[in-house]
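Participant: Take a look at input-v1.cif, mmCIF, C-alpha atoms:
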data_coords
#
loop_
_atom_site.group_PDB
_atom_site.id
_atom_site.type_symbol
_atom_site.label_atom_id
_atom_site.label_comp_id
_atom_site.auth_asym_id
_atom_site.auth_seq_id
_atom_site.Cartn_x
_atom_site.Cartn_y
_atom_site.Cartn_z
ATOM 1 C CA MET A 1441 0.000 0.000 0.000
ATOM 2 C CA PHE A 1442 2.896 2.404 0.677
ATOM 3 C CA THR A 1443 4.112 1.845 -2.879
ATOM 4 C CA ILE A 1444 0.702 2.727 -4.310
ATOM 5 C CA LYS A 1445 0.548 5.850 -2.143
ATOM 6 C CA SER A 1446 3.982 6.902 -3.338
ATOM 7 C CA ASP A 1447 3.517 6.013 -7.028
ATOM 8 C CA TYR A 1448 0.242 7.899 -7.381
ATOM 9 C CA GLY A 1449 0.948 10.752 -4.960
ATOM 10 C CA LEU A 1450 -1.987 9.948 -2.706
ATOM 11 C CA SER A 1451 -2.601 12.103 0.328
ATOM 12 C CA GLU A 1452 -2.890 10.549 3.767
ATOM 13 C CA VAL A 1453 -6.650 11.159 3.684
ATOM 14 C CA SER A 1454 -6.931 9.275 0.361
ATOM 15 C CA TYR A 1455 -4.821 6.444 1.759
ATOM 16 C CA ASP A 1456 -7.028 6.239 4.848
ATOM 17 C CA ARG A 1457 -10.191 6.092 2.707
ATOM 18 C CA ILE A 1458 -8.787 3.236 0.594
ATOM 19 C CA ILE A 1459 -7.801 1.357 3.762
ATOM 20 C CA GLU A 1460 -11.272 1.956 5.215
ATOM 21 C CA TRP A 1461 -12.835 0.490 2.053
ATOM 22 C CA ALA A 1462 -10.398 -2.469 2.017
ATOM 23 C CA ARG A 1463 -11.146 -3.283 5.671
ATOM 24 C CA ILE A 1464 -14.852 -3.556 4.800
ATOM 25 C CA ILE A 1465 -14.075 -6.041 2.015
ATOM 26 C CA LEU A 1466 -11.515 -8.133 3.924
ATOM 27 C CA PHE A 1467 -12.524 -10.823 6.374
ATOM 28 C CA GLU A 1468 -12.935 -10.132 10.082
ATOM 29 C CA GLY A 1469 -9.638 -10.273 11.959
ATOM 30 C CA SER A 1470 -7.451 -9.169 9.046
ATOM 31 C CA ARG A 1471 -4.165 -7.558 10.045
ATOM 32 C CA LEU A 1472 -4.520 -4.483 7.826
ATOM 33 C CA LYS A 1473 -3.778 -1.358 9.857
ATOM 34 C CA GLU A 1474 -6.639 1.091 10.274
ATOM 35 C CA ASN A 1475 -4.930 4.216 8.865
ATOM 36 C CA PHE A 1476 -1.715 5.679 7.456
ATOM 37 C CA TYR A 1477 -0.329 6.674 10.844
ATOM 38 C CA ALA A 1478 -0.737 3.154 12.254
ATOM 39 C CA ALA A 1479 0.853 1.587 9.163
ATOM 40 C CA LYS A 1480 3.738 4.064 9.233
ATOM 41 C CA SER A 1481 4.386 3.441 12.938
ATOM 42 C CA MET A 1482 4.490 -0.301 12.200
ATOM 43 C CA MET A 1483 7.245 0.277 9.596
ATOM 44 C CA LYS A 1484 9.552 2.192 11.952
ATOM 45 C CA PRO A 1485 10.735 -0.836 14.002
ATOM 46 C CA LEU A 1486 11.674 -2.541 10.720
ATOM 47 C CA GLY A 1487 14.361 0.080 10.204
ATOM 48 C CA LEU A 1488 12.735 1.639 7.153
ATOM 49 C CA GLU A 1489 13.128 5.245 8.257
ATOM 50 C CA TYR A 1490 13.919 7.971 5.775
ATOM 51 C CA GLN A 1491 15.245 11.504 5.811
ATOM 52 C CA LYS A 1492 13.257 14.360 4.266
ATOM 53 C CA ILE A 1493 15.380 16.740 2.184
ATOM 54 C CA ASN A 1494 13.904 19.911 0.719
ATOM 55 C CA MET A 1495 14.512 20.470 -2.983
ATOM 56 C CA CYS A 1496 14.072 23.220 -5.565
ATOM 57 C CA LEU A 1497 10.628 23.489 -7.151
ATOM 58 C CA ASN A 1498 12.321 23.178 -10.570
ATOM 59 C CA PHE A 1499 14.548 20.234 -9.462
ATOM 60 C CA TYR A 1500 17.819 22.209 -9.746
ATOM 61 C CA MET A 1501 19.224 21.621 -6.260
ATOM 62 C CA LEU A 1502 18.807 19.937 -2.894
ATOM 63 C CA TYR A 1503 18.796 21.995 0.297
ATOM 64 C CA HIS A 1504 21.116 19.577 2.055
ATOM 65 C CA LEU A 1505 24.548 19.644 3.709
ATOM 66 C CA GLU A 1506 26.263 22.910 2.669
ATOM 67 C CA ASN A 1507 23.027 24.215 1.097
ATOM 68 C CA ALA A 1508 20.801 23.435 4.083
ATOM 69 C CA GLU A 1509 20.498 27.061 5.212
ATOM 70 C CA LEU A 1510 19.691 28.588 1.799
ATOM 71 C CA THR A 1511 16.189 29.938 1.164
ATOM 72 C CA LYS A 1512 16.462 30.475 -2.624
ATOM 73 C CA CYS A 1513 17.742 28.211 -5.384
ATOM 74 C CA ARG A 1514 21.236 29.090 -6.594
ATOM 75 C CA THR A 1515 20.330 28.284 -10.204
ATOM 76 C CA CYS A 1516 16.803 29.570 -10.816
ATOM 77 C CA GLY A 1517 16.332 31.845 -7.785
ATOM 78 C CA HIS A 1518 12.987 30.284 -6.849
ATOM 79 C CA SER A 1519 12.016 30.398 -3.189
ATOM 80 C CA ARG A 1520 12.550 27.244 -1.141
ATOM 81 C CA TYR A 1521 9.286 27.677 0.752
ATOM 82 C CA LYS A 1522 5.656 28.183 -0.201
ATOM 83 C CA PRO A 1523 4.250 31.632 0.591
ATOM 84 C CA ARG A 1524 2.901 31.877 4.125
ATOM 85 C CA THR A 1525 -0.782 32.342 4.757
ATOM 86 C CA ASP A 1526 -2.145 34.271 7.712
ATOM 87 C CA ARG A 1527 -2.947 31.018 9.494
ATOM 88 C CA GLY A 1528 0.294 29.163 8.784
ATOM 89 C CA LYS A 1529 3.286 30.087 10.891
ATOM 90 C CA THR A 1530 5.636 27.296 9.833
ATOM 91 C CA LEU A 1531 7.639 27.277 6.619
ATOM 92 C CA VAL A 1532 6.579 24.597 4.138
ATOM 93 C CA ALA A 1533 8.944 23.518 1.364
ATOM 94 C CA HIS A 1534 7.702 23.365 -2.231
ATOM 95 C CA ARG A 1535 9.184 19.885 -2.779
ATOM 96 C CA LYS A 1536 10.626 17.212 -0.493
ATOM 97 C CA LEU A 1537 12.784 14.226 -1.286
ATOM 98 C CA LYS A 1538 12.529 11.170 0.944
ATOM 99 C CA TYR A 1539 15.983 9.617 1.225
ATOM 100 C CA THR A 1540 17.047 6.291 2.696
ATOM 101 C CA SER A 1541 20.783 5.695 2.614
ATOM 102 C CA GLN A 1542 22.006 2.685 0.665
ATOM 103 C CA ALA A 1543 24.302 1.736 3.564
ATOM 104 C CA HIS A 1544 21.278 1.623 5.866
ATOM 105 C CA LEU A 1545 19.410 -0.613 3.410
ATOM 106 C CA ASN A 1546 22.429 -2.909 3.013
ATOM 107 C CA CYS A 1547 22.739 -3.210 6.781
ATOM 108 C CA ARG A 1548 19.049 -4.099 7.085
ATOM 109 C CA GLY A 1549 19.360 -6.671 4.297
ATOM 110 C CA TYR A 1550 22.364 -8.253 5.983
ATOM 111 C CA SER A 1551 20.633 -8.543 9.343
ATOM 112 C CA CYS A 1552 17.542 -10.046 7.688
ATOM 113 C CA HIS A 1553 19.760 -12.531 5.851
ATOM 114 C CA GLN A 1554 21.472 -13.496 9.130
ATOM 115 C CA ARG A 1555 18.081 -14.009 10.785
ATOM 116 C CA LEU A 1556 16.966 -16.277 7.956
ATOM 117 C CA LEU A 1557 20.120 -18.350 8.286
ATOM 118 C CA SER A 1558 19.573 -18.728 12.025
ATOM 119 C CA ILE A 1559 16.044 -20.112 11.625
#
Before anything else, please render the file you have as structure tokens.

Facilitator:
Amino acid sequence: MFTIKSDYGLSEVSYDRIIEWARIILFEGSRLKENFYAAKSMMKPLGLEYQKINMCLNFYMLYHLENAELTKCRTCGHSRYKPRTDRGKTLVAHRKLKYTSQAHLNCRGYSCHQRLLSI
């Protein structure tokens, strides 16, 4: 379900509605989590965390490492954040990249492989 959410850019509300519909169809006692938050919290102990990195609206740069403090793109000059509304006090980035390091994935794969061998 996470892959479908990611591939089609579904919001959390859309995801929750699909899950709600699927739970009606599935048999009683199915192990499908009731919403996005519950499913996401189930994934955390598996070591599938990711880091959110802000990126330029036009895909020119990442606001990461030495560029983490910049508020405008060096190439196109576009603002990093969406314009604030009267209600919103926090800065919201135009685009975000979700990054999981390859080393972290390799480590997880190795530990899973070791567990399989021990069974």

Participant: What does the PyMOL selection byres ((chain A and resi 1479-1495) around 6) select in this file, as a list in words?

Facilitator: Lys1473, Phe1476, Tyr1477, Ala1478, Cys1496, Met1501, Leu1502, Tyr1503, Arg1535, Lys1536, Leu1537, Lys1538, Tyr1539 and Thr1540 of chain A

Participant: Measure the distance from atom CA of A:Pro1523 to atom CA of A:Phe1442 in Å and round it to one decimal.

Facilitator: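 Straight-line distance from atom CA of A:Pro1523 to atom CA of A:Phe1442 works out to 29.3 Å.
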
Participant: Could you list, as a compact mmCIF listing (two decimals) with C-alpha atoms, in the coordinates of the input, every residue within 8 Å of stretch 1454-1461 of chain A, counting all atoms listed in the file and ignoring same-chain residues fewer than 2 positions away?

Facilitator:
# COMPACT_ATOMS: atom_id res chain seq x y z
CA LYS A 1445 0.55 5.85 -2.14
CA LEU A 1450 -1.99 9.95 -2.71
CA SER A 1451 -2.60 12.10 0.33
CA GLU A 1452 -2.89 10.55 3.77
CA ARG A 1463 -11.15 -3.28 5.67
CA ILE A 1464 -14.85 -3.56 4.80
CA ILE A 1465 -14.08 -6.04 2.02
CA LEU A 1472 -4.52 -4.48 7.83
CA LYS A 1473 -3.78 -1.36 9.86
CA GLU A 1474 -6.64 1.09 10.27
CA ASN A 1475 -4.93 4.22 8.86
CA PHE A 1476 -1.72 5.68 7.46

Participant: Taking every listed atom of stretch 1444-1454 of chain A and adding 5 Å to each side, what centre and edge lengths in Å (one decimal) does the axis-aligned box have, as lines of an AutoDock Vina configuration file?

Facilitator:
center_x = -1.5
center_y = 7.4
center_z = -1.8
size_x = 20.9
size_y = 19.4
size_z = 21.1

Participant: Written as an MDAnalysis selection string, what is the full residue list that the PyMOL selection byres ((chain A and resi 1513) around 9) yields on the file shown?

Facilitator: chainID A and resid 1495:1497 1500:1503 1510:1512 1514:1520

Participant: Name the residues, using the chain letters and numbers of the file, that sit within 12 Å of (8.4, 27.0, 8.6) when counting only C-alpha atoms, and give them as a PyMOL selection string.

Facilitator: chain A and resi 1494+1511+1520-1525+1528-1534

Participant: Give me, please, the distance in Å between atom CA of A:Ser1446 and atom CA of A:Leu1466, quoted to one decimal.

Facilitator: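 So the answer is 22.8 Å.
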
Participant: What is the distance between atom CA of A:Gly1449 and atom CA of A:Glu1506, in Å to one decimal?

Facilitator: 29.1 Å

Participant: Could you add whatever atoms are missing so that stretch 1472-1500 of chain A carries N, CA and C atoms, then write the result as a CSV table (one decimal), keeping the file's coordinate frame?

Facilitator:
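Dumped to result.csv:
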chain,number,residue,atom,x,y,z
A,1472,LEU,N,-4.7,-5.8,8.5
A,1472,LEU,CA,-4.5,-4.5,7.8
A,1472,LEU,C,-4.7,-3.4,8.8
A,1473,LYS,N,-3.7,-2.5,8.9
A,1473,LYS,CA,-3.8,-1.4,9.9
A,1473,LYS,C,-4.9,-0.4,9.5
A,1474,GLU,N,-5.4,0.3,10.5
A,1474,GLU,CA,-6.6,1.1,10.3
A,1474,GLU,C,-6.4,2.4,9.6
A,1475,ASN,N,-5.2,3.0,9.6
A,1475,ASN,CA,-4.9,4.2,8.9
A,1475,ASN,C,-3.4,4.4,8.5
A,1476,PHE,N,-3.1,5.4,7.9
A,1476,PHE,CA,-1.7,5.7,7.5
A,1476,PHE,C,-0.8,5.8,8.6
A,1477,TYR,N,-1.2,6.5,9.7
A,1477,TYR,CA,-0.3,6.7,10.8
A,1477,TYR,C,0.0,5.3,11.5
A,1478,ALA,N,-1.0,4.5,11.6
A,1478,ALA,CA,-0.7,3.2,12.3
A,1478,ALA,C,0.2,2.3,11.4
A,1479,ALA,N,0.0,2.4,10.1
A,1479,ALA,CA,0.9,1.6,9.2
A,1479,ALA,C,2.3,2.1,9.2
A,1480,LYS,N,2.4,3.4,9.2
A,1480,LYS,CA,3.7,4.1,9.2
A,1480,LYS,C,4.5,3.7,10.5
A,1481,SER,N,3.8,3.8,11.7
A,1481,SER,CA,4.4,3.4,12.9
A,1481,SER,C,4.8,2.0,13.0
A,1482,MET,N,4.1,1.1,12.3
A,1482,MET,CA,4.5,-0.3,12.2
A,1482,MET,C,5.8,-0.5,11.4
A,1483,MET,N,6.1,0.4,10.4
A,1483,MET,CA,7.2,0.3,9.6
A,1483,MET,C,8.5,0.7,10.3
A,1484,LYS,N,8.4,1.6,11.3
A,1484,LYS,CA,9.6,2.2,12.0
A,1484,LYS,C,10.4,1.1,12.6
A,1485,PRO,N,9.9,0.2,13.4
A,1485,PRO,CA,10.7,-0.8,14.0
A,1485,PRO,C,11.5,-1.7,13.0
A,1486,LEU,N,11.0,-1.7,11.7
A,1486,LEU,CA,11.7,-2.5,10.7
A,1486,LEU,C,12.9,-1.9,10.2
A,1487,GLY,N,13.2,-0.6,10.6
A,1487,GLY,CA,14.4,0.1,10.2
A,1487,GLY,C,14.2,0.7,8.8
A,1488,LEU,N,13.0,1.0,8.5
A,1488,LEU,CA,12.7,1.6,7.2
A,1488,LEU,C,12.5,3.1,7.2
A,1489,GLU,N,13.3,3.8,8.1
A,1489,GLU,CA,13.1,5.2,8.3
A,1489,GLU,C,13.7,5.9,7.0
A,1490,TYR,N,13.4,7.2,6.9
A,1490,TYR,CA,13.9,8.0,5.8
A,1490,TYR,C,14.1,9.4,6.3
A,1491,GLN,N,14.9,10.1,5.5
A,1491,GLN,CA,15.2,11.5,5.8
A,1491,GLN,C,14.6,12.4,4.8
A,1492,LYS,N,13.9,13.4,5.2
A,1492,LYS,CA,13.3,14.4,4.3
A,1492,LYS,C,14.2,15.5,3.9
A,1493,ILE,N,14.5,15.7,2.7
A,1493,ILE,CA,15.4,16.7,2.2
A,1493,ILE,C,14.6,17.7,1.3
A,1494,ASN,N,14.6,19.0,1.6
A,1494,ASN,CA,13.9,19.9,0.7
A,1494,ASN,C,14.7,20.0,-0.6
A,1495,MET,N,13.9,20.3,-1.7
A,1495,MET,CA,14.5,20.5,-3.0
A,1495,MET,C,13.8,21.6,-3.7
A,1496,CYS,N,14.6,22.1,-4.7
A,1496,CYS,CA,14.1,23.2,-5.6
A,1496,CYS,C,12.8,22.8,-6.3
A,1497,LEU,N,11.9,23.7,-6.4
A,1497,LEU,CA,10.6,23.5,-7.2
A,1497,LEU,C,10.9,23.0,-8.6
A,1498,ASN,N,12.0,23.5,-9.2
A,1498,ASN,CA,12.3,23.2,-10.6
A,1498,ASN,C,13.4,22.1,-10.7
A,1499,PHE,N,13.6,21.4,-9.5
A,1499,PHE,CA,14.5,20.2,-9.5
A,1499,PHE,C,16.0,20.6,-9.7
A,1500,TYR,N,16.4,21.8,-9.5
A,1500,TYR,CA,17.8,22.2,-9.7
A,1500,TYR,C,18.8,21.9,-8.6
